[in-house]
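K.L.:
I'd like to ask some things about the structure below.
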Amino acid sequence: MVSRPPTLDCSRQKEKEKIVPRSFYENPDVVKVAKGLLGKSLFTRIEGIITGGIIIETEAYAGVNDKASHVYNNRRTKRTEVMYGPGGIAYIYFCYGMHHLINAVTNVEGIAQAVLIRALHPTHGLKTMCERRGKTKVDKTLTSGPGSLCKALGITMEFYGEPLDSSRLWIKDSGLVVPDGNLLTTPRIGVDYAGDDALLPYRFVIL
DNA sequence: ATTGAGATTATT
DNA sequence: ATAATCTCAATC
């Protein structure tokens with residue numbers, strides 16, 4: 001009999017200890033979750049390759065009364081279905097015919113809120129992310145912008161409904177604390193169609 | 001069956 | 001400023 005180490009994947013085990021728990025996403029205040037996700041890290045593992053980075057920009061989408069949200073006026077379709085599910089799940093959608101965007105669904109089952117992840121500071125799998133983005137070297141745009149970061153991490157509709165604590169998609173608490181002084185709050189990007197709700201201070205950026 | 005517009009990005 | 005590009009949902 002050959003002996004074997006107690007765990008096959010120690011590094012992964014270590015990651016798992018800090019994975020953000022379901023309870024974090026169940027917070028009834030989606031704005032708090034959006035702020036709280038700043039400084040945490042988003043990862044994918046595809047074909048054994050881990051890519052990811054620190055979340056530095058988010059937006060809150062407040063649900064059926066938010067004119068900017070896909071679920072405004074109780075719109076419930078195949079596309080938006082996961083937003084009505086429990087928190088801690090990925091809501092992915094395809095936009096402008098070419099970009100995938102990723103949200104963390106928040107709140108409890110039946111209440112459709114989500115946080116759009118808009119930018120990362122790249123930390124893991126830089127080479128792979130550059131390849132996916134068609135770049136020869138890391139630059140400022142590698143994972144800045146919701147479409148760009150999804151492309152860099154290989155996120156597609158395959159990840160629709162994926163739990164955010166799964167083996168191929170997860171968010172980790174890196175213990176980073178964001179001081180209020182380093183937090184910028186602005187209206188959301190690209191939601192001019194939302195009338196007065198376009199003015200809500202629901203975008204959060206680490207300076 | 002058709003159509004219009006979108007939580008964007010890279011380039012002109 | 002604008003082309004690229006396609007899915008979905010609303011409308012006819």
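Every chain in the structure tokens takes a letter, A first, then B, and so on in the order presented; its residues are numbered from 1, and the ligands are numbered from 1 following the presented order.
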Contacts from chain A to chain B, 7 Å maximum, only C-alpha atoms (C1' of nucleotides): show me the residue list as JSON, numbers by chain.
P.N.:
{"A": [95, 96, 99, 147, 190, 191]}
K.L.:
Counting only C-alpha atoms (C1' of nucleotides), give me one row per residue of chain C with an atom at most 12 Å from an atom of chain A, showing the shortest contact pair and its distance in Å to one decimal, sorted by chain then residue number, as JSON lines.
P.N.:
```
{"residue": "C:DA3", "atom": "C1'", "partner": "A:Tyr96", "partner_atom": "CA", "distance": 11.8}
{"residue": "C:DA4", "atom": "C1'", "partner": "A:Met98", "partner_atom": "CA", "distance": 8.2}
{"residue": "C:DT5", "atom": "C1'", "partner": "A:Gly97", "partner_atom": "CA", "distance": 4.5}
{"residue": "C:DC6", "atom": "C1'", "partner": "A:Gly97", "partner_atom": "CA", "distance": 4.0}
{"residue": "C:DT7", "atom": "C1'", "partner": "A:Gly97", "partner_atom": "CA", "distance": 7.0}
{"residue": "C:DC8", "atom": "C1'", "partner": "A:Arg79", "partner_atom": "CA", "distance": 7.8}
{"residue": "C:DA9", "atom": "C1'", "partner": "A:Thr77", "partner_atom": "CA", "distance": 8.7}
{"residue": "C:DA10", "atom": "C1'", "partner": "A:Arg75", "partner_atom": "CA", "distance": 11.9}
```
K.L.:
Where does DSSP see strand (DSSP E or B) in range 93-129 of chain A, if you list the residues as number ranges by chain?
P.N.:
A: 93-95, 99-106, 113-124
K.L.:
Leaving out range 64-72 of chain A and any residue of its chain fewer than 2 positions from it, which residues lie within 8 Å of it when counting only C-alpha atoms (C1' of nucleotides), given as a PyMOL selection string?
P.N.:
(chain A and resi 61-62+74-76+80+83+112+191+193-195+197-198) or (chain B and resi 7)
K.L.:
Please write the residues from the selection above to a file, keeping all heavy atoms, as a CSV table (one decimal), in the first residue's frame.
P.N.:
```csv
chain,number,residue,atom,x,y,z
A,61,TYR,N,-27.9,46.4,-7.9
A,61,TYR,CA,-29.2,46.4,-8.7
A,61,TYR,C,-30.3,45.9,-7.7
A,61,TYR,O,-30.3,44.8,-7.3
A,61,TYR,CB,-29.1,45.5,-10.0
A,61,TYR,CG,-28.3,46.3,-11.0
A,61,TYR,CD1,-26.9,46.3,-11.0
A,61,TYR,CD2,-28.9,47.1,-11.9
A,61,TYR,CE1,-26.2,47.0,-11.9
A,61,TYR,CE2,-28.2,47.9,-12.8
A,61,TYR,CZ,-26.8,47.8,-12.8
A,61,TYR,OH,-26.1,48.6,-13.6
A,62,ALA,N,-31.2,46.9,-7.4
A,62,ALA,CA,-32.0,46.7,-6.2
A,62,ALA,C,-33.3,45.9,-6.4
A,62,ALA,O,-34.1,45.8,-5.4
A,62,ALA,CB,-32.3,48.1,-5.6
A,74,ASN,N,-41.2,43.4,-11.9
A,74,ASN,CA,-41.4,42.0,-11.8
A,74,ASN,C,-41.2,41.1,-13.0
A,74,ASN,O,-41.7,40.1,-13.2
A,74,ASN,CB,-42.8,41.7,-11.3
A,74,ASN,CG,-43.0,42.1,-9.8
A,74,ASN,OD1,-42.4,41.7,-8.9
A,74,ASN,ND2,-43.9,43.1,-9.7
A,75,ARG,N,-40.3,41.7,-13.9
A,75,ARG,CA,-40.0,40.9,-15.1
A,75,ARG,C,-39.3,39.6,-14.7
A,75,ARG,O,-38.3,39.6,-14.1
A,75,ARG,CB,-39.2,41.7,-16.1
A,75,ARG,CG,-39.0,41.0,-17.4
A,75,ARG,CD,-38.6,41.9,-18.5
A,75,ARG,NE,-37.3,42.6,-18.2
A,75,ARG,CZ,-36.8,43.6,-18.8
A,75,ARG,NH1,-37.5,44.2,-19.7
A,75,ARG,NH2,-35.7,44.1,-18.5
A,76,ARG,N,-39.9,38.5,-15.0
A,76,ARG,CA,-39.4,37.2,-14.7
A,76,ARG,C,-39.4,36.3,-15.9
A,76,ARG,O,-40.4,35.9,-16.3
A,76,ARG,CB,-40.2,36.6,-13.5
A,76,ARG,CG,-39.6,35.3,-13.0
A,76,ARG,CD,-40.3,34.9,-11.7
A,76,ARG,NE,-39.6,33.8,-11.1
A,76,ARG,CZ,-39.7,33.4,-9.8
A,76,ARG,NH1,-40.4,34.2,-9.0
A,76,ARG,NH2,-39.0,32.4,-9.3
A,80,THR,N,-33.8,36.1,-16.5
A,80,THR,CA,-33.7,36.7,-15.2
A,80,THR,C,-34.0,35.7,-14.0
A,80,THR,O,-33.9,36.1,-12.9
A,80,THR,CB,-34.6,37.9,-15.0
A,80,THR,OG1,-36.0,37.5,-15.2
A,80,THR,CG2,-34.3,39.0,-16.0
A,83,MET,N,-32.1,35.4,-10.7
A,83,MET,CA,-32.1,36.6,-9.8
A,83,MET,C,-33.1,36.4,-8.7
A,83,MET,O,-33.0,37.0,-7.6
A,83,MET,CB,-32.3,37.9,-10.6
A,83,MET,CG,-31.1,38.4,-11.2
A,83,MET,SD,-31.3,40.1,-11.8
A,83,MET,CE,-31.5,41.0,-10.3
A,112,ALA,N,-35.4,39.5,-5.9
A,112,ALA,CA,-34.4,39.5,-7.0
A,112,ALA,C,-33.5,40.7,-6.9
A,112,ALA,O,-33.8,41.7,-7.5
A,112,ALA,CB,-35.2,39.5,-8.3
A,191,VAL,N,-26.9,53.2,-17.7
A,191,VAL,CA,-28.3,52.9,-17.4
A,191,VAL,C,-29.1,54.1,-17.6
A,191,VAL,O,-30.1,54.4,-16.9
A,191,VAL,CB,-28.4,52.4,-15.9
A,191,VAL,CG1,-27.8,51.0,-15.8
A,191,VAL,CG2,-27.9,53.4,-14.9
A,193,TYR,N,-31.3,54.7,-19.5
A,193,TYR,CA,-32.7,54.4,-19.8
A,193,TYR,C,-33.6,54.3,-18.5
A,193,TYR,O,-34.8,54.2,-18.6
A,193,TYR,CB,-32.8,53.0,-20.5
A,193,TYR,CG,-32.2,51.9,-19.7
A,193,TYR,CD1,-32.9,51.2,-18.7
A,193,TYR,CD2,-30.8,51.5,-20.0
A,193,TYR,CE1,-32.3,50.2,-18.0
A,193,TYR,CE2,-30.2,50.5,-19.3
A,193,TYR,CZ,-31.0,49.9,-18.3
A,193,TYR,OH,-30.4,48.9,-17.5
A,194,ALA,N,-32.9,54.3,-17.4
A,194,ALA,CA,-33.6,54.1,-16.1
A,194,ALA,C,-34.2,55.3,-15.5
A,194,ALA,O,-34.7,55.3,-14.3
A,194,ALA,CB,-32.7,53.4,-15.1
A,195,GLY,N,-34.2,56.4,-16.2
A,195,GLY,CA,-34.9,57.7,-15.7
A,195,GLY,C,-34.2,58.1,-14.4
A,195,GLY,O,-33.0,58.2,-14.3
A,197,ASP,N,-33.9,56.6,-11.6
A,197,ASP,CA,-33.1,55.6,-10.9
A,197,ASP,C,-31.7,55.6,-11.5
A,197,ASP,O,-30.8,55.0,-10.8
A,197,ASP,CB,-33.8,54.2,-11.1
A,197,ASP,CG,-35.0,54.1,-10.2
A,197,ASP,OD1,-35.2,55.0,-9.3
A,197,ASP,OD2,-35.7,53.1,-10.3
A,198,ALA,N,-31.5,56.2,-12.6
A,198,ALA,CA,-30.1,56.2,-13.2
A,198,ALA,C,-29.2,57.1,-12.3
A,198,ALA,O,-28.0,57.1,-12.4
A,198,ALA,CB,-30.1,56.8,-14.6
B,7,DA,P,-29.0,46.8,-20.1
B,7,DA,OP1,-29.3,45.4,-19.7
B,7,DA,OP2,-29.9,47.9,-19.8
B,7,DA,O5',-27.6,47.1,-19.6
B,7,DA,C5',-27.1,48.4,-19.5
B,7,DA,C4',-25.9,48.4,-18.6
B,7,DA,O4',-26.3,48.1,-17.3
B,7,DA,C3',-24.8,47.4,-18.9
B,7,DA,O3',-23.5,47.9,-18.4
B,7,DA,C2',-25.2,46.2,-18.2
B,7,DA,C1',-25.8,46.9,-16.9
B,7,DA,N9,-26.8,46.1,-16.3
B,7,DA,C8,-28.2,46.2,-16.6
B,7,DA,N7,-28.9,45.4,-15.8
B,7,DA,C5,-28.0,44.8,-15.0
B,7,DA,C6,-28.2,43.8,-13.9
B,7,DA,N6,-29.3,43.3,-13.6
B,7,DA,N1,-27.1,43.4,-13.3
B,7,DA,C2,-25.9,43.9,-13.7
B,7,DA,N3,-25.6,44.8,-14.6
B,7,DA,C4,-26.7,45.2,-15.2
```
K.L.:
To one decimal place, how far is CA of Ile102 in chain A from CA of Lys137 in chain A in Å?
P.N.:
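So the two atoms, CA of Ile102 in chain A and CA of Lys137 in chain A, lie 24.0 Å apart.
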K.L.:
So how many Å separate CA of Pro86 in chain A and CA of Leu164 in chain A, to one decimal?
P.N.:
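Calculated distance between CA of Pro86 in chain A and CA of Leu164 in chain A is 11.4 Å.
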K.L.:
So which bits of range 24-194 of chain A end up alpha helix (DSSP H) when you DSSP the backbone, as an MDAnalysis selection string?
P.N.:
chainID A and resid 24:25 30:37 126:133 146:153
K.L.:
Please compute the CA of Asp173 in chain A-CA of Lys40 in chain A distance, one decimal, in Å.
P.N.:
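So the two atoms, CA of Asp173 in chain A and CA of Lys40 in chain A, lie 4.8 Å apart.
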K.L.:
Which polymer residues have any atom within 12 Å of an atom of range 148-158 of chain A, counting only C-alpha atoms (C1' of nucleotides), with same-chain residues fewer than 5 positions away left out, as JSON, numbers by chain?
P.N.:
{"A": [42, 43, 44, 45, 46, 47, 49, 50, 51, 52, 53, 54, 55, 56, 57, 79, 90, 91, 92, 93, 94, 95, 98, 99, 100, 101, 102, 103, 116, 117, 118, 119, 120, 121, 122, 123, 124, 125, 126, 127, 128, 129, 130, 131, 132, 133, 134, 135, 138, 140, 141, 142, 143, 168, 169, 170], "B": [8, 9, 10], "C": [7]}
